[in-house]
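So this one's query10.cif, mmCIF, C-alpha atoms:
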```cif
data_query
loop_
_atom_site.label_atom_id
_atom_site.label_comp_id
_atom_site.auth_asym_id
_atom_site.auth_seq_id
_atom_site.Cartn_x
_atom_site.Cartn_y
_atom_site.Cartn_z
CA GLN A 3 18.94 -27.06 20.68
CA ILE A 4 17.65 -28.22 17.31
CA TYR A 5 13.95 -28.93 16.85
CA ARG A 6 13.31 -31.22 13.92
CA THR A 7 10.01 -31.58 12.12
CA HIS A 8 9.06 -35.16 11.36
CA PRO A 9 7.95 -35.61 7.69
CA ARG A 10 4.85 -37.55 8.73
CA LEU A 11 3.78 -34.89 11.21
CA ARG A 12 4.48 -32.22 8.62
CA SER A 13 2.17 -33.91 6.11
CA GLU A 14 -0.58 -34.57 8.67
CA TRP A 15 -0.57 -31.13 10.23
CA GLY A 16 0.20 -29.22 7.04
CA TYR A 17 3.24 -27.70 8.73
CA SER A 18 5.63 -26.26 6.18
CA ALA A 19 8.19 -23.51 5.86
CA GLN A 20 5.68 -21.25 4.15
CA ASN A 21 3.17 -21.72 6.97
CA TYR A 22 5.86 -21.01 9.53
CA LEU A 23 6.91 -17.88 7.63
CA ALA A 24 3.33 -16.64 7.52
CA MET A 25 2.92 -17.17 11.26
CA SER A 26 6.28 -15.64 12.14
CA THR A 27 5.47 -12.47 10.23
CA ARG A 28 2.03 -12.20 11.86
CA VAL A 29 0.31 -12.87 8.55
CA ARG A 30 -2.77 -14.69 9.82
CA ALA A 31 -5.77 -14.94 7.52
CA PRO A 32 -9.12 -14.84 9.32
CA ASP A 33 -11.12 -15.96 6.29
CA ALA A 34 -10.71 -17.76 2.99
CA SER A 35 -10.54 -14.56 0.96
CA ALA A 36 -7.45 -13.41 2.86
CA VAL A 37 -5.41 -16.54 2.15
CA GLN A 38 -4.24 -15.04 -1.13
CA ASP A 39 -2.62 -12.19 0.81
CA VAL A 40 0.38 -14.36 1.70
CA ASP A 41 0.98 -15.62 -1.83
CA HIS A 42 3.94 -13.27 -2.19
CA LEU A 43 5.68 -15.23 0.60
CA LEU A 44 5.47 -18.61 -1.08
CA ASP A 45 8.37 -18.01 -3.49
CA LEU A 46 10.82 -17.06 -0.73
CA PRO A 47 13.58 -19.62 0.03
CA CYS A 48 12.42 -20.14 3.61
CA VAL A 49 13.15 -23.11 5.87
CA VAL A 50 12.17 -24.30 9.34
CA PRO A 51 14.45 -25.92 11.96
CA GLY A 52 15.39 -29.48 10.94
CA GLU A 53 14.63 -28.97 7.24
CA GLU A 54 17.27 -30.05 4.72
CA ILE A 55 18.76 -27.39 2.44
CA SER A 56 19.64 -28.34 -1.11
CA VAL A 57 23.26 -27.53 -1.87
CA GLU A 58 25.83 -28.14 -4.58
CA PRO A 59 29.17 -29.90 -4.08
CA GLY A 60 31.85 -27.71 -2.53
CA TYR A 61 29.48 -25.52 -0.53
CA VAL A 62 30.56 -23.65 2.61
CA ARG A 63 28.35 -23.85 5.70
CA GLY A 64 27.25 -20.53 7.18
CA HIS A 65 25.30 -19.34 10.21
CA GLY A 66 22.01 -21.06 11.01
CA THR A 67 23.02 -24.42 9.50
CA LEU A 68 24.39 -27.76 10.66
CA VAL A 69 25.95 -30.66 8.74
CA GLU A 70 24.61 -34.07 9.75
CA ASP A 71 25.14 -37.31 7.82
CA GLY A 72 26.37 -35.35 4.84
CA ARG A 73 23.22 -33.19 4.73
CA LEU A 74 22.95 -29.48 5.43
CA ILE A 75 20.24 -28.90 8.06
CA ALA A 76 18.69 -25.60 9.08
CA THR A 77 18.90 -24.83 12.80
CA VAL A 78 16.72 -21.69 12.73
CA ALA A 79 13.59 -20.60 10.88
CA GLY A 80 14.40 -18.05 8.23
CA LEU A 81 15.45 -17.28 4.67
CA VAL A 82 18.23 -19.16 2.88
CA GLU A 83 20.96 -16.82 1.67
CA ARG A 84 23.56 -17.93 -0.87
CA VAL A 85 26.71 -15.89 -1.55
CA ASN A 86 28.91 -17.75 -4.03
CA LYS A 87 29.45 -21.09 -2.24
CA LEU A 88 28.42 -19.84 1.20
CA VAL A 89 25.00 -21.08 2.35
CA ALA A 90 23.46 -19.51 5.46
CA VAL A 91 20.03 -18.98 7.02
CA ARG A 92 18.98 -15.46 8.09
CA PRO A 93 16.50 -15.72 10.99
CA LEU A 94 13.09 -14.11 10.59
CA GLN A 95 12.92 -13.02 14.21
CA SER A 96 16.27 -11.83 15.49
CA ARG A 97 17.98 -8.99 17.25
CA TYR A 98 19.64 -6.20 15.34
CA VAL A 99 23.27 -6.93 14.38
CA PRO A 100 25.17 -3.61 14.24
CA GLU A 101 27.69 -2.65 11.59
CA VAL A 102 30.03 0.33 11.52
CA GLY A 103 28.34 3.29 9.87
CA ASP A 104 24.77 2.25 10.67
CA VAL A 105 22.31 5.03 11.49
CA VAL A 106 20.33 4.03 14.59
CA VAL A 107 17.61 5.45 16.81
CA GLY A 108 18.09 4.60 20.46
CA ARG A 109 16.78 5.34 23.93
CA VAL A 110 19.10 6.40 26.75
CA SER A 111 18.76 3.86 29.53
CA GLU A 112 21.43 4.98 32.00
CA ILE A 113 23.90 7.79 32.64
CA MET A 114 27.29 6.50 33.76
CA GLN A 115 30.73 8.00 34.29
CA LYS A 116 31.63 9.88 31.09
CA MET A 117 29.20 7.78 29.04
CA TRP A 118 25.57 6.95 28.35
CA ARG A 119 24.09 3.49 27.92
CA VAL A 120 21.73 3.37 24.94
CA ASP A 121 19.19 0.72 23.97
CA ILE A 122 19.52 0.11 20.21
CA ASN A 123 17.55 -3.16 19.99
CA ALA A 124 20.75 -5.22 19.86
CA ARG A 125 21.88 -8.13 22.01
CA GLN A 126 23.45 -5.68 24.43
CA GLU A 127 23.21 -1.97 25.05
CA ALA A 128 25.51 0.41 23.21
CA SER A 129 27.75 3.04 24.79
CA LEU A 130 27.92 6.73 23.89
CA MET A 131 31.01 8.38 25.30
CA LEU A 132 31.00 12.00 26.44
CA SER A 133 33.89 12.65 24.06
CA ALA A 134 31.74 11.40 21.13
CA VAL A 135 29.01 14.08 21.37
CA ASN A 136 28.89 17.68 20.19
CA LEU A 137 29.31 20.33 22.85
CA PRO A 138 26.84 23.25 22.97
CA GLY A 139 27.50 25.61 20.09
CA GLY A 140 29.76 23.08 18.36
CA VAL A 141 32.78 24.11 20.45
CA GLN A 142 35.86 21.96 19.86
CA ARG A 143 37.70 21.40 23.17
CA ARG A 144 38.56 18.77 25.71
CA ARG A 145 35.73 17.59 27.96
CA THR A 146 36.05 18.89 31.48
CA TYR A 147 34.78 17.81 34.86
CA GLU A 148 31.96 20.36 34.54
CA ASP A 149 30.86 18.69 31.32
CA GLU A 150 30.68 15.36 33.14
CA LEU A 151 28.53 16.89 35.87
CA ASN A 152 26.17 18.35 33.25
CA MET A 153 25.74 15.17 31.21
CA SER A 154 22.02 15.07 31.98
CA SER A 155 21.63 18.42 30.20
CA PHE A 156 22.81 16.74 26.99
CA PHE A 157 20.88 13.47 27.19
CA ALA A 158 18.69 12.41 30.11
CA GLU A 159 17.39 8.94 30.85
CA ASN A 160 14.60 7.78 28.50
CA ASP A 161 15.57 10.40 25.89
CA LEU A 162 15.38 9.33 22.25
CA ILE A 163 18.48 10.05 20.19
CA SER A 164 19.76 9.42 16.70
CA ALA A 165 23.36 8.30 16.35
CA GLU A 166 25.81 6.41 14.19
CA VAL A 167 27.69 3.22 14.99
CA GLN A 168 31.33 4.25 15.34
CA GLU A 169 33.00 1.04 16.44
CA ILE A 170 32.29 -2.59 17.30
CA ARG A 171 34.81 -3.78 19.86
CA GLN A 172 36.24 -7.27 20.18
CA ASP A 173 33.95 -8.12 23.11
CA GLY A 174 30.89 -7.24 20.99
CA THR A 175 30.08 -3.90 22.63
CA VAL A 176 28.97 -1.12 20.31
CA ALA A 177 30.27 2.45 20.46
CA LEU A 178 28.11 5.28 19.10
CA HIS A 179 28.81 8.89 18.21
CA THR A 180 26.69 11.99 17.54
CA ARG A 181 29.42 14.32 16.26
CA SER A 182 27.47 15.24 13.14
CA LEU A 183 24.84 17.95 13.47
CA LYS A 184 22.21 15.67 11.96
CA TYR A 185 22.47 13.38 15.00
CA GLY A 186 21.41 14.12 18.54
CA LEU A 187 18.32 14.51 20.68
CA LEU A 188 14.89 13.69 19.21
CA ALA A 189 12.68 16.00 21.23
CA GLU A 190 9.18 15.59 19.77
CA GLY A 191 7.37 13.09 17.59
CA GLU A 192 6.22 9.49 17.40
CA PHE A 193 8.36 6.43 18.13
CA LEU A 194 7.66 2.93 16.88
CA ALA A 195 9.58 -0.33 16.59
CA VAL A 196 9.48 -2.69 13.60
CA THR A 197 11.36 -5.77 12.42
CA PRO A 198 14.99 -4.67 11.82
CA ALA A 199 15.31 -6.86 8.72
CA LEU A 200 12.72 -4.72 6.92
CA ILE A 201 14.89 -1.58 7.03
CA LYS A 202 17.73 -1.96 4.56
CA ARG A 203 21.03 -0.16 4.87
CA SER A 204 21.10 2.78 2.47
CA PRO A 205 23.01 6.06 2.06
CA LYS A 206 20.03 8.03 3.40
CA HIS A 207 18.02 7.28 6.52
CA PHE A 208 16.70 10.79 7.21
CA HIS A 209 13.66 11.44 5.01
CA THR A 210 11.23 14.32 4.63
CA LEU A 211 8.18 12.64 3.12
CA PRO A 212 6.00 14.44 0.55
CA CYS A 213 3.23 14.64 3.16
CA GLY A 214 5.44 16.86 5.33
CA VAL A 215 6.43 14.29 7.97
CA CYS A 216 10.11 13.80 8.81
CA ALA A 217 11.06 10.14 9.27
CA ILE A 218 14.28 8.70 10.68
CA LEU A 219 14.46 5.03 9.71
CA GLY A 220 16.97 3.47 12.07
CA THR A 221 18.74 0.39 10.78
CA ASN A 222 18.06 -1.20 14.17
CA GLY A 223 14.29 -1.22 13.58
CA TYR A 224 13.54 1.89 15.64
CA ILE A 225 11.77 4.69 13.76
CA HIS A 226 11.12 8.28 14.77
CA LEU A 227 8.47 10.44 13.09
CA GLY A 228 8.30 14.15 13.68
CA GLU A 229 7.53 17.59 12.36
CA PRO A 230 10.02 19.40 10.08
CA GLY A 231 12.33 21.41 12.30
CA SER A 232 11.78 19.30 15.43
CA ASP A 233 14.64 16.83 14.92
CA SER A 234 18.33 17.32 15.54
CA GLU A 235 18.91 17.49 11.80
CA HIS A 236 17.39 20.98 11.78
CA ASN A 237 17.87 22.30 15.33
CA ASP A 238 20.85 22.92 17.54
CA HIS A 239 21.44 20.27 20.18
CA GLU A 240 21.62 22.77 23.03
CA ASP A 241 18.27 24.38 22.25
CA GLN A 242 16.40 21.09 22.41
CA ALA A 243 18.07 19.94 25.60
CA THR A 244 17.68 23.11 27.65
CA THR A 245 14.51 24.93 26.66
CA GLY A 246 12.06 22.12 27.42
CA GLU A 247 9.42 23.85 25.31
CA VAL A 248 6.93 21.79 23.34
CA ASN A 249 5.80 23.21 20.03
CA SER A 250 2.10 23.19 19.27
CA VAL A 251 1.13 20.82 16.46
CA SER A 252 -1.90 21.34 14.26
CA PRO A 253 -4.59 18.65 14.10
CA GLU A 254 -3.98 18.30 10.36
CA PHE A 255 -0.34 17.41 10.93
CA ARG A 256 -1.28 14.98 13.69
CA ASN A 257 -3.56 13.18 11.25
CA ARG A 258 -0.81 13.00 8.63
CA LEU A 259 1.69 11.71 11.17
CA CYS A 260 -0.79 9.09 12.37
CA ARG A 261 -1.41 8.00 8.78
CA VAL A 262 2.34 7.62 8.19
CA ARG A 263 2.68 5.65 11.42
CA ASN A 264 -0.10 3.26 10.43
CA SER A 265 1.39 2.92 6.94
CA ILE A 266 4.63 1.68 8.51
CA LEU A 267 2.70 -0.77 10.71
CA VAL A 268 0.93 -2.14 7.62
CA LEU A 269 4.29 -2.71 5.91
CA ASN A 270 5.63 -4.39 9.04
CA THR A 271 2.58 -6.67 9.28
CA MET A 272 2.81 -7.64 5.60
CA PHE A 273 6.61 -8.13 5.90
CA ILE A 274 7.45 -5.61 3.17
CA SER A 275 10.61 -3.47 3.13
CA ILE A 276 10.19 -0.12 4.84
CA HIS A 277 11.60 2.96 3.10
CA ALA A 278 10.29 6.30 1.92
CA LEU A 279 8.76 4.98 -1.32
CA THR A 280 6.84 2.07 0.21
CA ILE A 281 5.60 4.25 3.07
CA MET A 282 4.15 6.75 0.61
CA ASP A 283 2.68 3.91 -1.48
CA VAL A 284 0.59 2.78 1.49
CA TYR A 285 -0.12 6.39 2.51
CA ASN A 286 -1.44 7.33 -0.95
CA ALA A 287 -3.43 4.10 -1.23
CA SER A 288 -5.21 4.86 2.05
CA GLU A 289 -6.19 8.30 0.76
CA ARG A 290 -7.45 6.89 -2.54
CA LEU A 291 -9.64 4.45 -0.61
CA SER A 292 -10.82 7.29 1.68
CA LEU A 293 -9.86 5.32 4.77
CA SER A 294 -9.57 6.87 8.19
CA GLU A 295 -6.34 6.49 10.12
CA SER A 296 -7.77 3.82 12.42
CA ALA A 297 -9.31 1.84 9.54
CA MET A 298 -5.88 1.36 7.96
CA LEU A 299 -5.01 -1.30 10.55
CA ASP A 300 -7.93 -3.57 9.65
CA TRP A 301 -6.78 -6.85 8.15
CA GLY A 302 -9.29 -6.74 5.32
CA VAL A 303 -7.67 -3.67 3.72
CA ALA A 304 -4.00 -4.36 4.54
CA SER A 305 -3.47 -6.30 1.30
CA GLN A 306 -5.02 -3.54 -0.83
CA LEU A 307 -2.95 -0.86 0.85
CA SER A 308 0.32 -2.74 0.34
CA GLU A 309 -0.30 -3.86 -3.25
CA THR A 310 1.83 -1.13 -4.85
CA ALA A 311 4.52 -1.38 -2.19
CA ARG A 312 4.70 -5.14 -2.69
CA SER A 313 5.36 -4.69 -6.42
CA ARG A 314 8.55 -2.80 -5.57
CA ARG A 315 9.98 -6.05 -4.27
CA ASP A 316 10.89 -6.92 -7.85
CA LEU A 317 12.68 -3.60 -8.30
CA HIS A 318 15.10 -4.34 -5.41
CA ILE A 319 14.48 -0.91 -3.91
#
```
Rendering of file as structure tokens:
Amino acid sequence: QIYRTHPRLRSEWGYSAQNYLAMSTRVRAPDASAVQDVDHLLDLPCVVPGEEISVEPGYVRGHGTLVEDGRLIATVAGLVERVNKLVAVRPLQSRYVPEVGDVVVGRVSEIMQKMWRVDINARQEASLMLSAVNLPGGVQRRRTYEDELNMSSFFAENDLISAEVQEIRQDGTVALHTRSLKYGLLAEGEFLAVTPALIKRSPKHFHTLPCGVCAILGTNGYIHLGEPGSDSEHNDHEDQATTGEVNSVSPEFRNRLCRVRNSILVLNTMFISIHALTIMDVYNASERLSLSESAMLDWGVASQLSETARSRRDLHI
């Protein structure tokens, strides 16, 4: 269903695409001084449902648009994307759309026959076949009936894992694999979910930040933060799944991890791309301002913390 915005109501209520973008990204200014914090959103080619999109002759209609009376109308609220003659609207709030090769962080939701169901923040859960995981010790052999009985020793329900999208089938289901040693069980750390559009696809999604925190930035908007040596990139899969031991973490590292977590939440609130550089920009800014970890989430300082990270928008990083 298409919801159109009447021009008269738009002028009376002050309802515009920029206002809608600010609200959709949770950028709400409590006072007059904070209104300038959303100025970096005003230049974005954003539209609301029912708004006409200016096009040139010979254009090709893409997703999120509708042709009516010779005009191209937006059917969703989002950013206008133009690729050659193709004009489409990318929604601001949407589910993750997987692509082959994506690095994702997921949570095991169910153990089935010879497969696991994994929540990856997509329209439907992904599947991880028993034949697509590494056996203990990296042994290369056919999976047996005993392996199927011991599936819970690999991944149990509610376990966090890192994986890669192997295949997208014709019915839309997603197949994952963890054959590489850098993928597998995420035993300890902090999990948080952000807007998937803020995490761009890049050759590297496993980062060891200068502050000593390991971050896995899943393309699906799920992020895992942990201590060096606690993720599957550094440990054998079997050790994490069977020992059940929890390593002691120093209070200093807990504070650093909490500061990284809040830095990511600031970027998500300000709708700024999340990667290693922007995370450290906010992290370093919070230390320069001598802010505590909890004070980083106050609206009054969010704009100051993200000032350097926002400038990287022009560098296309």
Among listed residues A:Leu188, A:Met298, A:Ala287, A:Ile201, nearest Val268 in chain A (using all atoms listed in the file): A:Met298
If the PyMOL selection byres ((chain A and resi 161-171) around 8) is run on the structure shown, which residues does it catch, given as a list in words?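 That expression, the PyMOL selection byres ((chain A and resi 161-171) around 8), corresponds here to Pro100, Glu101, Val102, Gly103, Asp104, Val105, Val106, Val107, Gly108, Arg109, Val110, Phe157, Ala158, Glu159, Asn160, Gln172, Asp173, Gly174, Thr175, Val176, Ala177, Leu178, His179, Thr180, Tyr185, Gly186, Leu187, Leu188 and Ala189 of chain A.
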Given the PyMOL selection byres ((chain A and resi 118) around 9) and the file above, list the residues it selects as number ranges by chain. A: 110-117, 119-120, 128-132, 153, 157-159
If we count only C-alpha atoms and set the cut-off at 10 Å, which residues sit around Glu83 in chain A, ignoring sequence neighbours fewer than 4 positions away in its own chain? Please answer as a JSON list (two decimals) with C-alpha atoms, keeping the file's coordinate frame.
```json
[["chain", "number", "residue", "atom", "x", "y", "z"],
["A", 47, "PRO", "CA", 13.58, -19.62, 0.03],
["A", 48, "CYS", "CA", 12.42, -20.14, 3.61],
["A", 64, "GLY", "CA", 27.25, -20.53, 7.18],
["A", 65, "HIS", "CA", 25.30, -19.34, 10.21],
["A", 88, "LEU", "CA", 28.42, -19.84, 1.20],
["A", 89, "VAL", "CA", 25.00, -21.08, 2.35],
["A", 90, "ALA", "CA", 23.46, -19.51, 5.46],
["A", 91, "VAL", "CA", 20.03, -18.98, 7.02],
["A", 92, "ARG", "CA", 18.98, -15.46, 8.09]]
```
9 Å contact set for range 94-98 of chain A, only C-alpha atoms, chain neighbours under 6 positions out, as a PyMOL selection string: chain A and resi 23+26-27+78-81+122-125+197-199+221-223
Using the selection just defined, write its residues with C-alpha atoms as a PDB file, in the coordinates of the input.
```
ATOM      1  CA  LEU A  23       6.910 -17.880   7.630  1.00  0.00           C
ATOM      2  CA  SER A  26       6.280 -15.640  12.140  1.00  0.00           C
ATOM      3  CA  THR A  27       5.470 -12.470  10.230  1.00  0.00           C
ATOM      4  CA  VAL A  78      16.720 -21.690  12.730  1.00  0.00           C
ATOM      5  CA  ALA A  79      13.590 -20.600  10.880  1.00  0.00           C
ATOM      6  CA  GLY A  80      14.400 -18.050   8.230  1.00  0.00           C
ATOM      7  CA  LEU A  81      15.450 -17.280   4.670  1.00  0.00           C
ATOM      8  CA  ILE A 122      19.520   0.110  20.210  1.00  0.00           C
ATOM      9  CA  ASN A 123      17.550  -3.160  19.990  1.00  0.00           C
ATOM     10  CA  ALA A 124      20.750  -5.220  19.860  1.00  0.00           C
ATOM     11  CA  ARG A 125      21.880  -8.130  22.010  1.00  0.00           C
ATOM     12  CA  THR A 197      11.360  -5.770  12.420  1.00  0.00           C
ATOM     13  CA  PRO A 198      14.990  -4.670  11.820  1.00  0.00           C
ATOM     14  CA  ALA A 199      15.310  -6.860   8.720  1.00  0.00           C
ATOM     15  CA  THR A 221      18.740   0.390  10.780  1.00  0.00           C
ATOM     16  CA  ASN A 222      18.060  -1.200  14.170  1.00  0.00           C
ATOM     17  CA  GLY A 223      14.290  -1.220  13.580  1.00  0.00           C
TER      18      GLY A 223
END
```
